[in-house]
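What follows is my_file-v5.txt (compact mmCIF, C-alpha atoms).
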# COMPACT_ATOMS: atom_id res chain seq x y z
CA MET A 1 -9.19 -46.07 52.41
CA GLU A 2 -7.55 -43.85 49.85
CA TYR A 3 -8.96 -40.35 49.64
CA LYS A 4 -7.52 -37.30 47.96
CA VAL A 5 -9.50 -34.10 48.18
CA LYS A 6 -8.90 -30.59 46.96
CA THR A 7 -12.11 -28.75 47.78
CA TYR A 8 -14.09 -28.18 50.95
CA GLU A 9 -17.08 -29.91 49.36
CA ASP A 10 -14.99 -33.03 48.70
CA ALA A 11 -13.84 -33.07 52.33
CA VAL A 12 -17.47 -32.80 53.52
CA LYS A 13 -18.30 -35.94 51.53
CA VAL A 14 -15.42 -37.82 53.14
CA ILE A 15 -16.55 -36.86 56.65
CA GLU A 16 -20.11 -37.92 55.87
CA GLU A 17 -18.86 -41.24 54.46
CA ILE A 18 -16.40 -42.30 57.16
CA GLY A 19 -18.00 -40.50 60.10
CA LEU A 20 -14.86 -39.40 61.89
CA LEU A 21 -11.85 -37.46 60.62
CA PRO A 22 -8.89 -36.52 62.83
CA LEU A 23 -6.89 -33.50 61.71
CA ALA A 24 -3.65 -35.51 61.97
CA PRO A 25 -3.07 -39.30 61.90
CA LEU A 26 -4.52 -40.93 65.01
CA ILE A 27 -5.95 -44.27 63.98
CA PRO A 28 -3.87 -46.83 62.04
CA ASP A 29 -4.88 -47.23 58.40
CA PHE A 30 -7.51 -44.51 58.77
CA PRO A 31 -7.67 -41.13 56.99
CA SER A 32 -6.93 -37.77 58.58
CA LEU A 33 -7.46 -34.34 57.13
CA ASN A 34 -3.76 -33.78 56.56
CA THR A 35 -3.29 -37.12 54.77
CA ILE A 36 -6.14 -36.65 52.31
CA THR A 37 -5.18 -33.08 51.36
CA GLN A 38 -2.17 -31.54 49.62
CA PRO A 39 0.51 -30.11 51.96
CA GLU A 40 1.03 -27.01 49.81
CA TYR A 41 -2.53 -25.84 50.41
CA TRP A 42 -2.24 -25.78 54.20
CA HIS A 43 -2.03 -22.23 55.57
CA SER A 44 -2.32 -20.88 52.03
CA ASP A 45 -5.24 -18.65 53.08
CA THR A 46 -7.16 -19.73 49.98
CA GLU A 47 -10.42 -21.58 49.47
CA PHE A 48 -8.37 -24.79 49.28
CA ASP A 49 -6.80 -24.34 52.71
CA PRO A 50 -7.77 -27.23 55.06
CA TRP A 51 -6.72 -25.10 58.04
CA ILE A 52 -9.61 -22.79 57.21
CA TRP A 53 -11.97 -25.71 56.57
CA ARG A 54 -11.45 -27.21 60.04
CA THR A 55 -13.64 -24.57 61.69
CA LYS A 56 -15.89 -24.11 58.68
CA PHE A 57 -17.13 -27.69 59.11
CA SER A 58 -18.37 -26.77 62.57
CA ALA A 59 -19.64 -23.31 61.62
CA ASP A 60 -21.65 -24.88 58.78
CA GLY A 61 -23.06 -27.62 61.00
CA VAL A 62 -21.39 -30.33 58.91
CA ALA A 63 -19.43 -31.88 61.78
CA GLY A 64 -18.70 -31.44 65.45
CA TYR A 65 -15.16 -30.23 66.03
CA GLY A 66 -12.95 -30.34 69.07
CA LYS A 67 -10.24 -32.21 70.94
CA PHE A 68 -12.60 -35.04 71.73
CA ILE A 69 -10.28 -38.06 71.62
CA LYS A 70 -6.85 -38.39 73.24
CA LYS A 71 -6.60 -34.59 73.37
CA LYS A 72 -6.43 -34.53 69.57
CA SER A 73 -8.53 -32.45 67.19
CA ILE A 74 -11.30 -34.52 65.64
CA LEU A 75 -14.19 -33.90 63.25
CA VAL A 76 -17.28 -36.05 63.83
CA SER A 77 -20.15 -36.22 61.34
CA ILE A 78 -23.54 -35.07 62.58
CA ARG A 79 -24.81 -38.62 61.99
CA LEU A 80 -22.37 -40.11 64.51
CA LEU A 81 -22.02 -37.15 66.86
CA PRO A 82 -24.85 -38.05 69.29
CA TYR A 83 -23.47 -41.58 69.63
CA VAL A 84 -19.90 -40.42 70.22
CA LYS A 85 -21.22 -37.92 72.78
CA LYS A 86 -23.11 -40.66 74.56
CA VAL A 87 -20.01 -42.91 74.76
CA ILE A 88 -17.33 -40.40 75.77
CA GLY A 89 -19.61 -37.96 77.58
CA TYR A 90 -21.68 -38.17 80.76
CA ASP A 91 -25.36 -38.27 81.60
CA GLU A 92 -24.72 -36.04 84.61
CA SER A 93 -24.36 -32.31 84.07
CA VAL A 94 -21.05 -30.48 84.47
CA GLU A 95 -22.40 -28.93 87.66
CA GLU A 96 -23.39 -32.31 89.13
CA ARG A 97 -19.98 -33.75 88.32
CA TYR A 98 -18.22 -30.69 89.74
CA PHE A 99 -19.96 -31.00 93.11
CA LYS A 100 -19.00 -34.68 93.18
CA GLY A 101 -15.37 -33.70 92.66
CA ASN A 102 -15.16 -35.03 89.10
CA VAL A 103 -14.66 -31.72 87.30
CA SER A 104 -11.91 -29.21 88.04
CA LYS A 105 -12.75 -25.76 89.38
CA GLU A 106 -11.26 -24.08 86.31
CA ALA A 107 -13.29 -26.25 83.92
CA PHE A 108 -16.49 -25.58 85.86
CA GLU A 109 -15.93 -21.81 85.83
CA ILE A 110 -15.09 -21.81 82.13
CA TYR A 111 -18.14 -23.90 81.33
CA LYS A 112 -20.38 -21.45 83.18
CA ILE A 113 -18.94 -18.56 81.19
CA ILE A 114 -19.49 -20.35 77.89
CA THR A 115 -23.11 -21.12 78.78
CA GLN A 116 -23.66 -17.40 79.31
CA LEU A 117 -21.70 -16.32 76.23
CA GLU A 118 -22.12 -19.05 73.63
CA GLY A 119 -19.53 -18.68 70.87
CA ILE A 120 -17.08 -16.73 73.05
CA ASP A 121 -13.55 -16.62 71.65
CA THR A 122 -10.49 -17.92 73.45
CA ARG A 123 -9.02 -14.50 74.24
CA ALA A 124 -12.17 -13.18 75.87
CA LEU A 125 -12.80 -16.49 77.65
CA ARG A 126 -9.37 -16.56 79.22
CA ILE A 127 -9.77 -13.00 80.49
CA LYS A 128 -13.25 -13.62 81.92
CA ALA A 129 -12.03 -16.80 83.61
CA GLY A 130 -9.27 -14.84 85.35
CA LEU A 131 -6.59 -16.96 83.70
CA LYS A 132 -4.92 -14.39 81.48
CA GLU A 133 -1.58 -14.45 83.31
CA ARG A 134 1.18 -16.47 81.69
CA ASP A 135 1.57 -18.78 84.67
CA LYS A 136 -2.12 -19.71 84.40
CA LYS A 137 -2.04 -20.59 80.71
CA LYS A 138 -1.66 -24.32 81.41
CA LEU A 139 -4.63 -24.30 83.80
CA PHE A 140 -6.74 -22.68 81.09
CA GLU A 141 -5.63 -25.08 78.37
CA ASN A 142 -6.16 -28.13 80.58
CA ALA A 143 -9.66 -26.96 81.50
CA LEU A 144 -10.56 -26.61 77.81
CA LEU A 145 -9.17 -30.09 77.11
CA GLU A 146 -11.17 -31.49 80.03
CA LEU A 147 -14.44 -30.03 78.72
CA GLN A 148 -13.76 -31.08 75.14
CA GLY A 149 -12.75 -34.58 76.19
CA SER A 150 -16.24 -35.12 77.62
CA MET A 151 -17.82 -33.18 74.73
CA ASP A 152 -19.38 -30.68 77.10
CA ILE A 153 -18.07 -27.99 74.74
CA VAL A 154 -17.19 -27.88 71.04
CA ILE A 155 -15.23 -25.52 68.84
CA SER A 156 -17.91 -23.59 67.02
CA GLY A 157 -15.79 -21.47 64.72
CA ILE A 158 -13.23 -18.69 64.81
CA GLU A 159 -13.36 -15.05 65.80
CA GLU A 160 -11.24 -12.78 63.65
CA LYS A 161 -9.26 -10.13 65.49
CA ARG A 162 -10.06 -6.70 64.07
CA ASN A 163 -8.92 -3.15 64.74
CA GLU A 164 -11.02 -0.09 65.54
CA VAL A 165 -12.12 0.36 61.92
CA GLY A 166 -13.10 -3.26 61.44
CA GLU A 167 -10.03 -4.41 59.51
CA LYS A 168 -8.58 -7.85 60.16
CA ASN A 169 -5.65 -7.40 62.50
CA GLY A 170 -3.66 -10.30 63.93
CA TRP A 171 -4.37 -13.98 64.47
CA SER A 172 -7.91 -15.36 64.58
CA SER A 173 -9.11 -16.89 67.83
CA THR A 174 -10.98 -20.15 68.36
CA ALA A 175 -14.59 -19.80 69.53
CA PHE A 176 -16.30 -22.22 71.94
CA GLU A 177 -19.90 -23.22 72.47
CA THR A 178 -21.56 -25.80 74.69
CA TYR A 179 -22.40 -29.04 72.94
CA ASP A 180 -26.07 -28.65 73.86
CA SER A 181 -26.26 -25.20 72.29
CA TRP A 182 -24.39 -26.20 69.14
CA ALA A 183 -26.44 -29.39 68.72
CA LYS A 184 -29.73 -27.56 69.17
CA ARG A 185 -28.72 -24.82 66.75
CA ASN A 186 -27.74 -27.37 64.13
CA LYS A 187 -30.75 -29.60 64.73
CA ILE A 188 -28.70 -32.61 65.86
CA GLU A 189 -30.88 -35.51 66.91
CA THR A 190 -31.17 -36.54 70.54
CA ILE A 191 -30.81 -40.27 71.14
CA ASN A 192 -32.31 -42.15 74.04
CA ILE A 193 -30.03 -45.17 74.26
CA ASP A 194 -27.29 -46.06 76.72
CA LYS A 195 -23.52 -46.09 76.29
CA ALA A 196 -23.36 -49.77 75.42
CA GLU A 197 -25.91 -49.48 72.62
CA SER A 198 -24.23 -46.32 71.34
CA ARG A 199 -20.86 -48.08 71.26
CA LYS A 200 -22.41 -51.01 69.44
CA TYR A 201 -23.87 -48.66 66.83
CA LEU A 202 -20.53 -46.89 66.31
CA LEU A 203 -18.53 -50.08 65.91
CA SER A 204 -21.12 -51.48 63.53
CA PHE A 205 -20.83 -48.31 61.44
CA PHE A 206 -17.04 -48.37 61.39
CA SER A 207 -16.92 -52.08 60.57
CA ASN A 208 -18.39 -51.16 57.18
CA VAL A 209 -16.01 -48.31 56.38
CA CYS A 210 -12.59 -49.20 57.78
CA SER A 211 -10.05 -52.01 58.07
CA ASN A 212 -9.81 -54.52 60.91
CA GLU A 213 -6.72 -52.75 62.21
CA SER A 214 -8.58 -49.45 62.36
CA LEU A 215 -11.57 -51.09 63.99
CA LYS A 216 -9.42 -52.57 66.76
CA LYS A 217 -8.10 -49.12 67.60
CA LEU A 218 -11.61 -47.64 67.54
CA GLU A 219 -12.79 -50.40 69.88
CA LYS A 220 -10.17 -49.23 72.39
CA ILE A 221 -11.03 -45.57 71.88
CA PHE A 222 -14.71 -46.23 72.54
CA ALA A 223 -14.12 -48.75 75.32
CA LEU A 224 -16.63 -48.49 78.17

Represent the structure contained in this file as structure tokens.
Amino acid sequence: MEYKVKTYEDAVKVIEEIGLLPLAPLIPDFPSLNTITQPEYWHSDTEFDPWIWRTKFSADGVAGYGKFIKKKSILVSIRLLPYVKKVIGYDESVEERYFKGNVSKEAFEIYKIITQLEGIDTRALRIKAGLKERDKKKLFENALLELQGSMDIVISGIEEKRNEVGEKNGWSSTAFETYDSWAKRNKIETINIDKAESRKYLLSFFSNVCSNESLKKLEKIFAL
């Protein structure tokens, strides 16, 4: 699987073709965004900058984006997204899982805030969650990883920090949205099959686009 892309449009085609694209190497013999692009373009702040693309894919509705697998940033094509969600996610709501003791308090509180303020940026979210203090940073980060790992939330884009007169000022901040909101907004199909059938579909898809070594790793990733 040899891909070399220079433009955002080329990268979109790769995601649509192979279905899943980690930002950095994760699966043996399988592409990642930083292996199919030129290193000199990263953080170049140009139209060829893959660091800019990573959130554009999500903002454009091309792919779901988040730390979905092994706490690593992944792009998933809209074709495969409902199946991946079914396999790594849960049929029960976040609230149901929280009251059963299967979701942390911090994750539950953060999820509630995001449902009320879809697209909220990280800075504002951390403040509203009462986790702005330095010693609570890890609690905040772990809660976000927990919610992304079950695909209850996705990264929906970035929020640029601006000053009083509207000029860009400082680092941009990641924005979060619930999966349900993002999927509805981007007209992602809803599937009515179980985890086993979803896994079967995914592995069938990947068997046609990747090597046996890659497929073995994906079988473990999507193990039930």

With 9 Å as the cut-off and only C-alpha atoms counted, what is the closest atom pair between each nearby residue of range 144-222 of chain A and range 31-55 of chain A? Distances in Å to one decimal, ordered by chain and number, as a Markdown table.
| residue | atom | partner | partner_atom | distance |
| --- | --- | --- | --- | --- |
| A:Ile155 | CA | A:Thr55 | CA | 7.4 |
| A:Ser156 | CA | A:Thr55 | CA | 6.9 |
| A:Gly157 | CA | A:Thr55 | CA | 4.8 |
| A:Ile158 | CA | A:Thr55 | CA | 6.7 |
| A:Thr174 | CA | A:Thr55 | CA | 8.4 |

Output as JSON the centre and edge lengths (Å, one decimal) of the box along x, y and z of the file that holds every listed atom of range 89-98 of chain A after adding 6 Å on each side.
{"center_x": -21.8, "center_y": -33.6, "center_z": 83.7, "size_x": 19.1, "size_y": 21.3, "size_z": 24.2}

Would you be able to write out as a PyMOL selection string which residues have an atom within 12 Å of (-19.9, -20.5, 81.1) in the file's coordinates, counting all atoms listed in the file? chain A and resi 94-95+106-120+124-126+128-129+144+147+152-153+176-178+181

Using only C-alpha atoms, the residue out of A:Asp91, A:Glu16, A:Asp60, A:Glu9 with shortest distance to Lys195 in chain A is A:Asp91

In Å, with one decimal, what is the gap from CA of Glu133 in chain A to CA of Ser104 in chain A?
->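 It comes out at 18.6 Å.
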
Give me the range 25-124 of chain A side of the contact with range 217-221 of chain A, cut-off 9 Å, one line per residue showing its nearest atom pair and distance in Å at one decimal, counting all atoms listed in the file, sorted by chain and residue number, as a Markdown table.
| residue | atom | partner | partner_atom | distance |
| --- | --- | --- | --- | --- |
| A:Ile27 | CA | A:Lys217 | CA | 6.4 |
| A:Pro28 | CA | A:Lys217 | CA | 7.4 |
| A:Ile69 | CA | A:Ile221 | CA | 7.6 |
| A:Lys70 | CA | A:Ile221 | CA | 8.4 |

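Of the listed residues (A:Glu141, A:Asp29, A:Glu189, A:Glu92), A:Glu189 comes nearest to Arg79 in chain A; the distances count only C-alpha atoms.
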
Fill in: Interatomic distance, CA of Asn186 in chain A to CA of Val84 in chain A (Å, one decimal)
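Interatomic distance, CA of Asn186 in chain A to CA of Val84 in chain A: 16.4 Å.
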
Show me, as a PyMOL selection string, the residues that have an atom within 7 Å of range 11-15 of chain A when counting all atoms listed in the file, minus same-chain residues fewer than 6 positions from it. chain A and resi 5+21+77

Shortest contact to Pro82 in chain A, candidates A:Phe57, A:Gly64, A:Leu145, A:Ser207, atoms counted all atoms listed in the file, goes to A:Gly64

One decimal place gives the CA of Gly66 in chain A-CA of Val154 in chain A separation as 5.3 Å

(message) Need to verify the contact set: Thr190 in chain A, 10 Å, all atoms listed in the file, exclusion of same-chain residues closer than 6 positions in sequence. Can you return it as a list in words?
(response)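 Listing them by chain and then by number gives Leu81, Pro82, Tyr83, Lys86, Asp180, Ala183 and Lys184 of chain A.
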
Using all atoms listed in the file, the residue out of A:Glu2, A:Arg134, A:Ile127, A:Leu20 with shortest distance to Val62 in chain A is A:Leu20

Discussion item. Using all atoms listed in the file for the distances, tell me which of A:Glu17, A:Phe30, A:Asp121, A:Phe99 is nearest to Val76 in chain A.
Written reply: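 Between A:Glu17, A:Phe30, A:Asp121, A:Phe99, the residue approaching Val76 in chain A most closely is A:Glu17.
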